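Printed here is final_3.cif (mmCIF, C-alpha atoms):
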```cif
data_start
#
loop_
_atom_site.label_atom_id
_atom_site.label_comp_id
_atom_site.auth_asym_id
_atom_site.auth_seq_id
_atom_site.Cartn_x
_atom_site.Cartn_y
_atom_site.Cartn_z
CA MET A 15 2.70 -3.33 35.56
CA ALA A 16 2.62 -5.25 38.87
CA ALA A 17 3.63 -8.91 38.93
CA HIS A 18 0.66 -11.15 39.65
CA ASN A 19 0.44 -14.92 39.99
CA PRO A 20 -3.24 -15.99 39.61
CA SER A 21 -2.65 -19.64 40.55
CA LEU A 22 -0.88 -18.69 43.79
CA ALA A 23 -3.60 -16.14 44.60
CA SER A 24 -6.43 -18.63 44.10
CA ARG A 25 -4.55 -21.33 46.07
CA VAL A 26 -4.05 -18.94 49.02
CA ILE A 27 -7.74 -17.95 48.90
CA ARG A 28 -8.84 -21.61 48.83
CA VAL A 29 -6.64 -22.60 51.80
CA LEU A 30 -7.64 -19.53 53.84
CA THR A 31 -11.35 -20.09 53.09
CA VAL A 32 -11.23 -23.70 54.30
CA LEU A 33 -9.25 -22.79 57.44
CA THR A 34 -11.54 -19.84 58.25
CA ALA A 35 -14.71 -21.89 57.77
CA LEU A 36 -13.34 -24.65 60.05
CA ALA A 37 -12.23 -22.14 62.67
CA PHE A 38 -15.65 -20.43 62.66
CA PHE A 39 -17.44 -23.76 63.03
CA VAL A 40 -15.28 -24.81 66.01
CA HIS A 41 -15.45 -21.33 67.55
CA ILE A 42 -19.25 -21.10 67.46
CA TRP A 43 -19.57 -24.67 68.75
CA PHE A 44 -17.15 -23.88 71.62
CA ILE A 45 -18.97 -20.64 72.54
CA PHE A 46 -22.42 -22.21 72.70
CA VAL A 47 -21.59 -25.71 74.00
CA HIS A 48 -18.60 -25.32 76.32
CA THR A 49 -18.45 -21.72 77.48
CA PRO A 50 -20.50 -20.97 80.61
CA GLN A 51 -23.01 -18.14 80.73
CA ALA A 52 -21.64 -14.97 82.36
CA GLN A 53 -23.17 -13.24 85.38
CA ALA A 54 -26.25 -11.09 84.83
CA THR A 55 -24.34 -7.82 85.37
CA ALA A 56 -22.11 -8.70 82.38
CA GLY A 57 -25.16 -9.26 80.19
CA GLY A 58 -25.86 -12.97 80.89
CA LEU A 59 -26.35 -14.78 77.58
CA ALA A 60 -25.71 -11.56 75.62
CA GLN A 61 -22.12 -11.65 76.96
CA LYS A 62 -21.42 -14.35 74.34
CA ILE A 63 -21.26 -11.45 71.84
CA PHE A 64 -17.92 -10.66 73.51
CA TYR A 65 -16.20 -13.71 71.92
CA PHE A 66 -16.35 -12.12 68.48
CA HIS A 67 -16.73 -8.46 69.52
CA ALA A 68 -13.22 -8.20 71.04
CA PRO A 69 -11.51 -10.34 68.34
CA ALA A 70 -13.20 -8.21 65.65
CA ALA A 71 -11.71 -5.09 67.28
CA TYR A 72 -8.31 -6.78 67.23
CA ALA A 73 -8.83 -7.68 63.53
CA MET A 74 -9.61 -4.01 62.86
CA TYR A 75 -6.25 -3.08 64.42
CA LEU A 76 -4.60 -5.74 62.23
CA ALA A 77 -6.18 -4.41 59.02
CA GLY A 78 -5.39 -0.84 60.09
CA GLY A 79 -1.79 -1.92 60.69
CA VAL A 80 -1.61 -3.37 57.17
CA CYS A 81 -3.04 -0.11 55.80
CA PHE A 82 -0.42 1.87 57.76
CA LEU A 83 2.57 -0.26 56.69
CA ALA A 84 1.50 -0.46 53.04
CA SER A 85 0.78 3.29 52.92
CA ALA A 86 4.17 4.12 54.45
CA ALA A 87 5.89 1.69 52.06
CA TYR A 88 4.00 3.28 49.14
CA LEU A 89 5.22 6.75 50.09
CA VAL A 90 8.82 5.43 50.24
CA ARG A 91 8.59 3.59 46.91
CA PRO A 92 5.25 3.62 45.03
CA THR A 93 4.16 0.30 43.52
CA ASP A 94 0.76 -1.05 42.48
CA ASN A 95 1.12 -3.90 44.96
CA ARG A 96 1.68 -1.58 47.94
CA ASN A 97 -1.25 0.60 46.88
CA ALA A 98 -3.44 -2.53 46.64
CA TRP A 99 -2.49 -3.65 50.17
CA ALA A 100 -3.21 -0.16 51.55
CA THR A 101 -6.61 -0.13 49.82
CA ALA A 102 -7.45 -3.60 51.16
CA GLY A 103 -6.32 -2.60 54.67
CA SER A 104 -8.69 0.37 54.87
CA GLU A 105 -11.64 -1.58 53.39
CA VAL A 106 -11.22 -4.51 55.79
CA ALA A 107 -10.69 -2.14 58.74
CA VAL A 108 -14.06 -0.50 57.95
CA THR A 109 -15.77 -3.90 57.82
CA PHE A 110 -14.38 -5.05 61.18
CA GLY A 111 -14.98 -1.60 62.65
CA LEU A 112 -18.67 -1.83 61.67
CA LEU A 113 -18.80 -5.31 63.17
CA VAL A 114 -17.50 -3.94 66.50
CA LEU A 115 -19.77 -0.89 66.34
CA THR A 116 -22.91 -2.98 65.87
CA SER A 117 -22.13 -5.92 68.17
CA GLY A 118 -20.96 -3.68 71.05
CA PRO A 119 -24.19 -1.67 71.42
CA LEU A 120 -26.30 -4.87 71.35
CA TRP A 121 -24.28 -6.26 74.25
CA ALA A 122 -24.25 -2.84 75.97
CA LYS A 123 -28.05 -2.75 75.93
CA LYS A 124 -28.06 -5.75 78.26
CA ALA A 125 -24.98 -4.87 80.37
CA TRP A 126 -25.33 -1.06 80.60
CA GLY A 127 -29.04 -0.62 79.90
CA VAL A 128 -28.35 1.64 76.87
CA TYR A 129 -27.25 0.98 73.29
CA TRP A 130 -24.81 3.86 73.16
CA THR A 131 -22.99 6.17 75.51
CA TRP A 132 -20.36 8.76 74.56
CA ASP A 133 -17.67 6.77 76.35
CA PRO A 134 -14.06 7.56 75.23
CA ARG A 135 -13.50 4.13 73.68
CA LEU A 136 -16.82 4.08 71.84
CA THR A 137 -16.36 7.63 70.58
CA SER A 138 -12.75 7.07 69.46
CA LEU A 139 -13.78 3.83 67.73
CA LEU A 140 -16.59 5.62 65.88
CA LEU A 141 -14.08 8.26 64.79
CA THR A 142 -11.69 5.55 63.53
CA VAL A 143 -14.40 3.85 61.47
CA LEU A 144 -15.39 7.22 59.99
CA ILE A 145 -11.75 7.91 59.07
CA TYR A 146 -11.31 4.52 57.38
CA GLY A 147 -14.71 4.95 55.70
CA ALA A 148 -13.63 8.32 54.33
CA LEU A 149 -10.35 6.80 53.17
CA THR A 150 -12.17 3.96 51.38
CA LEU A 151 -14.50 6.43 49.63
CA LEU A 152 -11.53 8.62 48.70
CA ARG A 153 -9.70 5.70 47.12
CA ARG A 154 -12.87 4.56 45.33
CA PHE A 155 -14.00 7.86 43.83
CA SER A 156 -11.04 10.25 43.58
CA GLY A 157 -9.33 8.55 40.64
CA SER A 158 -6.12 6.57 40.53
CA GLY A 159 -3.55 9.21 39.69
CA GLU A 160 -0.22 9.35 41.49
CA ALA A 161 -1.22 12.45 43.52
CA GLU A 162 -4.51 10.88 44.68
CA ARG A 163 -2.73 7.66 45.66
CA LYS A 164 -0.10 9.54 47.67
CA PHE A 165 -2.76 11.64 49.39
CA ALA A 166 -4.69 8.45 50.28
CA ALA A 167 -1.47 6.85 51.60
CA ALA A 168 -0.78 9.87 53.82
CA PHE A 169 -4.39 9.81 55.02
CA GLY A 170 -4.02 6.08 55.77
CA ILE A 171 -0.94 6.74 57.93
CA LEU A 172 -2.67 9.54 59.84
CA GLY A 173 -5.85 7.48 60.24
CA THR A 174 -3.96 4.61 61.84
CA THR A 175 -2.49 6.89 64.49
CA VAL A 176 -5.99 6.96 66.05
CA LEU A 177 -5.81 3.19 66.79
CA PRO A 178 -3.54 3.50 69.87
CA ILE A 179 -5.93 6.17 71.18
CA VAL A 180 -8.83 3.70 70.84
CA HIS A 181 -6.84 1.00 72.62
CA TYR A 182 -5.56 3.10 75.51
CA SER A 183 -8.69 5.28 75.89
CA VAL A 184 -9.99 2.95 78.62
CA LYS A 185 -6.88 3.54 80.74
CA LEU A 186 -6.45 7.20 79.84
CA TRP A 187 -9.96 8.52 80.38
CA ARG A 188 -11.73 5.80 82.40
CA GLY A 189 -15.11 5.73 80.72
CA ASN A 190 -17.70 2.97 81.07
CA HIS A 191 -15.96 0.43 78.85
CA PRO A 192 -14.32 -2.18 81.13
CA THR A 193 -10.89 -3.76 80.69
CA VAL A 194 -11.89 -7.41 80.75
CA VAL A 195 -8.51 -8.88 79.90
CA GLY A 196 -5.17 -7.45 81.00
CA LYS A 197 -3.73 -5.61 83.97
CA GLY A 198 -6.41 -4.30 86.31
CA GLY A 199 -9.17 -5.95 84.30
CA GLY A 200 -12.14 -7.95 85.54
CA GLY A 201 -10.72 -11.25 84.31
CA LEU A 202 -12.22 -14.34 82.67
CA SER A 203 -12.59 -17.97 83.66
CA PRO A 204 -10.13 -20.34 81.89
CA VAL A 205 -12.85 -21.69 79.54
CA MET A 206 -13.99 -18.16 78.65
CA LEU A 207 -10.37 -17.18 78.02
CA GLN A 208 -9.94 -20.19 75.69
CA ALA A 209 -13.05 -19.14 73.74
CA LEU A 210 -11.71 -15.61 73.46
CA LEU A 211 -8.26 -16.76 72.34
CA PHE A 212 -9.81 -19.03 69.73
CA GLY A 213 -11.86 -16.02 68.63
CA PHE A 214 -8.62 -14.14 68.00
CA VAL A 215 -7.35 -17.02 65.84
CA THR A 216 -10.65 -17.15 63.89
CA MET A 217 -10.78 -13.41 63.29
CA THR A 218 -7.10 -13.36 62.28
CA LEU A 219 -7.84 -15.98 59.61
CA LEU A 220 -10.93 -14.09 58.42
CA CYS A 221 -8.97 -10.84 58.36
CA CYS A 222 -6.16 -12.46 56.31
CA LEU A 223 -8.71 -13.96 53.88
CA LEU A 224 -10.55 -10.67 53.37
CA LEU A 225 -7.28 -8.73 53.05
CA TRP A 226 -5.98 -11.17 50.44
CA LEU A 227 -9.28 -11.07 48.49
CA ARG A 228 -9.50 -7.27 48.46
CA LYS A 229 -5.77 -6.88 47.70
CA ASN A 230 -6.15 -9.09 44.61
CA LEU A 231 -9.23 -7.18 43.56
CA ALA A 232 -7.51 -3.80 43.94
CA LEU A 233 -4.50 -5.09 42.01
CA GLN A 234 -6.69 -6.47 39.20
CA SER A 235 -8.59 -3.16 39.00
CA THR A 236 -5.28 -1.32 38.58
CA ARG A 237 -4.12 -3.76 35.89
CA LEU A 238 -7.44 -3.36 34.09
CA GLU A 239 -7.13 0.43 34.16
CA GLN A 240 -3.64 0.16 32.70
CA ALA A 241 -4.87 -2.28 30.02
CA GLU A 242 -7.75 0.10 29.17
CA GLU A 243 -5.31 2.98 28.77
CA LEU A 244 -3.26 0.85 26.40
CA ALA A 245 -6.43 -0.21 24.56
CA GLY A 246 -7.34 3.48 24.20
CA THR A 247 -4.07 4.16 22.41
CA LEU A 248 -4.70 1.16 20.11
CA GLU A 249 -8.31 2.39 19.55
CA LEU A 250 -9.89 -0.90 20.65
CA MET B 1341 -11.39 14.86 98.29
CA SER B 1342 -13.36 15.21 101.57
CA ASP B 1343 -14.31 12.23 103.72
CA SER B 1344 -17.99 12.69 102.97
CA ALA B 1345 -17.29 12.52 99.23
CA VAL B 1346 -15.52 9.19 99.72
CA THR B 1347 -18.24 7.69 101.89
CA ASP B 1348 -21.00 8.96 99.58
CA GLN B 1349 -19.67 6.88 96.67
CA ARG B 1350 -21.75 3.81 95.98
CA PRO B 1351 -20.18 0.54 94.75
CA GLY B 1352 -19.51 0.61 91.01
CA GLU B 1353 -19.14 4.36 90.82
CA THR B 1354 -15.35 4.67 90.99
CA ALA B 1355 -13.10 4.52 87.94
CA ALA B 1356 -11.52 1.30 89.23
CA ASP B 1357 -14.96 -0.33 89.51
CA ARG B 1358 -15.89 0.69 85.97
CA ARG B 1359 -12.61 -0.73 84.71
CA SER B 1360 -13.14 -4.18 86.20
CA GLU B 1361 -16.91 -4.68 86.02
CA PHE B 1362 -20.01 -3.65 84.10
CA VAL B 1363 -21.64 -0.63 85.68
CA PRO B 1364 -25.09 0.18 84.27
CA VAL B 1365 -25.41 3.58 82.60
CA ALA B 1366 -29.18 3.45 83.01
CA PRO B 1367 -29.85 1.45 86.19
CA GLY B 1368 -33.27 -0.05 86.77
CA GLY B 1369 -33.32 -3.59 85.42
CA GLU B 1370 -32.75 -4.15 81.71
CA THR B 1371 -35.60 -6.18 80.23
CA SER B 1372 -34.41 -6.69 76.63
CA SER B 1373 -34.19 -10.32 75.54
CA ALA B 1374 -30.57 -11.52 75.71
CA GLU B 1375 -31.35 -14.20 73.08
CA GLY B 1376 -32.75 -11.56 70.70
CA LEU B 1377 -29.71 -9.31 71.13
CA LEU B 1378 -27.32 -12.25 70.66
CA ILE B 1379 -29.06 -13.47 67.49
CA THR B 1380 -29.20 -9.92 66.06
CA ALA B 1381 -25.48 -9.48 66.71
CA TYR B 1382 -24.62 -12.76 64.93
CA VAL B 1383 -26.92 -11.98 61.99
CA LEU B 1384 -25.36 -8.52 61.58
CA MET B 1385 -21.85 -9.95 61.81
CA TRP B 1386 -22.52 -12.39 58.97
CA ALA B 1387 -24.36 -9.70 56.99
CA PHE B 1388 -21.28 -7.42 57.03
CA ILE B 1389 -18.94 -10.23 56.04
CA PHE B 1390 -21.24 -11.42 53.24
CA ALA B 1391 -21.72 -7.82 52.03
CA LEU B 1392 -17.96 -7.47 51.61
CA VAL B 1393 -17.63 -10.86 49.89
CA LEU B 1394 -20.58 -10.12 47.57
CA SER B 1395 -19.26 -6.68 46.66
CA SER B 1396 -15.88 -8.33 45.90
CA GLN B 1397 -17.61 -10.89 43.68
CA ARG B 1398 -19.55 -8.19 41.79
CA ARG B 1399 -16.41 -6.13 41.19
CA GLN B 1400 -14.57 -9.27 40.09
CA GLN B 1401 -17.35 -10.05 37.57
CA LYS B 1402 -17.12 -6.52 36.13
CA ILE B 1403 -13.33 -6.84 35.80
CA ASP B 1404 -13.65 -10.25 34.11
CA GLN B 1405 -16.30 -8.91 31.70
CA ARG B 1406 -14.17 -5.91 30.72
CA LEU B 1407 -11.08 -8.12 30.32
CA THR B 1408 -13.02 -10.43 27.97
CA GLU B 1409 -14.03 -7.39 25.87
CA LEU B 1410 -10.44 -6.19 25.71
CA GLU B 1411 -9.19 -9.67 24.76
CA ALA B 1412 -11.78 -9.88 21.97
CA GLY B 1413 -10.68 -6.45 20.71
CA LEU B 1414 -7.03 -7.50 20.76
CA LYS B 1415 -7.88 -10.71 18.88
CA LYS B 1416 -9.68 -8.72 16.16
CA LEU B 1417 -6.73 -6.36 15.88
CA ASP B 1418 -4.35 -9.31 15.65
CA GLN B 1419 -6.48 -10.98 12.92
CA ALA B 1420 -6.67 -7.71 10.95
CA ALA B 1421 -2.89 -7.34 11.17
CA ALA B 1422 -2.41 -10.97 10.06
CA SER B 1423 -4.73 -10.61 7.04
CA ALA B 1424 -3.05 -7.33 6.07
CA ALA B 1425 0.33 -9.08 6.24
CA ALA B 1426 -1.03 -11.97 4.10
CA LYS B 1427 -2.25 -9.58 1.42
CA ASP B 1428 0.96 -7.59 1.37
CA PRO B 1429 3.80 -9.98 2.30
CA VAL B 1430 6.46 -7.24 1.74
#
```
How does this structure look as structure tokens?
Amino acid sequence: MAAHNPSLASRVIRVLTVLTALAFFVHIWFIFVHTPQAQATAGGLAQKIFYFHAPAAYAMYLAGGVCFLASAAYLVRPTDNRNAWATAGSEVAVTFGLLVLTSGPLWAKKAWGVYWTWDPRLTSLLLTVLIYGALTLLRRFSGSGEAERKFAAAFGILGTTVLPIVHYSVKLWRGNHPTVVGKGGGGLSPVMLQALLFGFVTMTLLCCLLLWLRKNLALQSTRLEQAEELAGTLEL
Amino acid sequence: MSDSAVTDQRPGETAADRRSEFVPVAPGGETSSAEGLLITAYVLMWAFIFALVLSSQRRQQKIDQRLTELEAGLKKLDQAAASAAAKDPV
């Protein structure tokens, strides 16, 4: 049975919750009070969606990375803890992926005039969310046997290989999605860049909090299943 | 590429333009309310986060409930074993 320290877990959750709440408060205040409105071609006021749209995409990469590492580690040496981290990684990646997939089209409506276009980045992102969604459903409903866990871990590794395609799709296939930050990108004013960077900090904290919460939940579910098996043998 | 093809390109139509600026897919003046879109995006963001937190809470409650049942069962078993040992000390 996996080692679990409830007091440490609840302390980490409490600290992360306070830090995330503070970061969100400061981030939203900074976006709406200090950050100037972008030009009309970038969506005007709707461009403010960008300050959590891009960080949410980064948080999806982070959660996907956790899913990848935990899945690979599980295949090397299976433990309940590694399986729990892989489960949490895919669940949180779906959440952030949905956040990106809904905020992006709302901004696109103002900047591009349409909610959706089959641009390489949008399409590859949709595919990624579908893969992580399938992985989450697989883990939830296919049972918790060793074979199912290993299959889910392999699926998690393969699913994460799509993430670099999402990231580099803008450079590889040149769709409509612009590169705002980075080489060859449109660029941001210093204040806008600060808001974006703070967005990355905020979403990292939120991602860590959600990962920790879901990891604990997955671990507790496993421990409960093991306790129920034992209870079955004792005829409780 | 012929010279006419190069001169026929309007600003914002090249790959480099699309990479550095927003080029409308459906040109013609977008009239949607930016405030409405911004508010919808924020509401949806919080809805997804709360949905995940609420689902976590519900699963946690189910786990706690089942653990309480198992603990009660174990306690009964322990008491039965203790009374059996008291009746038959050998």
Quick check on the file I pasted: which residues fall under the PyMOL selection byres ((chain B and resi 1414) around 12)? Write them as a ChimeraX atom specification. /A:241-242,244-246,248-250 /B:1407-1413,1415-1421
Counting only C-alpha atoms, figure out which residue out of A:Val47, A:Val114, A:Leu231, A:Ala161 gets nearest to Met206 of chain A. A:Val47
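Nearest residue to Leu172 of chain A, choosing from A:Leu202, A:Leu149, A:Leu115, A:Leu139 and counting all atoms listed in the file: A:Leu149.
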What residues in chain A have any atom no more than 8 Å from chain B when counting all atoms listed in the file, and can you write them as a ChimeraX atom specification? /A:55-60,62-63,109,112-113,116-117,120-121,123-128,131,184,188-194,198-201,224,227-228,231,234-235,238,242,245,250
For the structure provided, state which residues fall under the PyMOL selection byres ((chain A and resi 176) around 10), and present them as a PyMOL selection string. chain A and resi 78+138-139+141-142+145+171-175+177-181
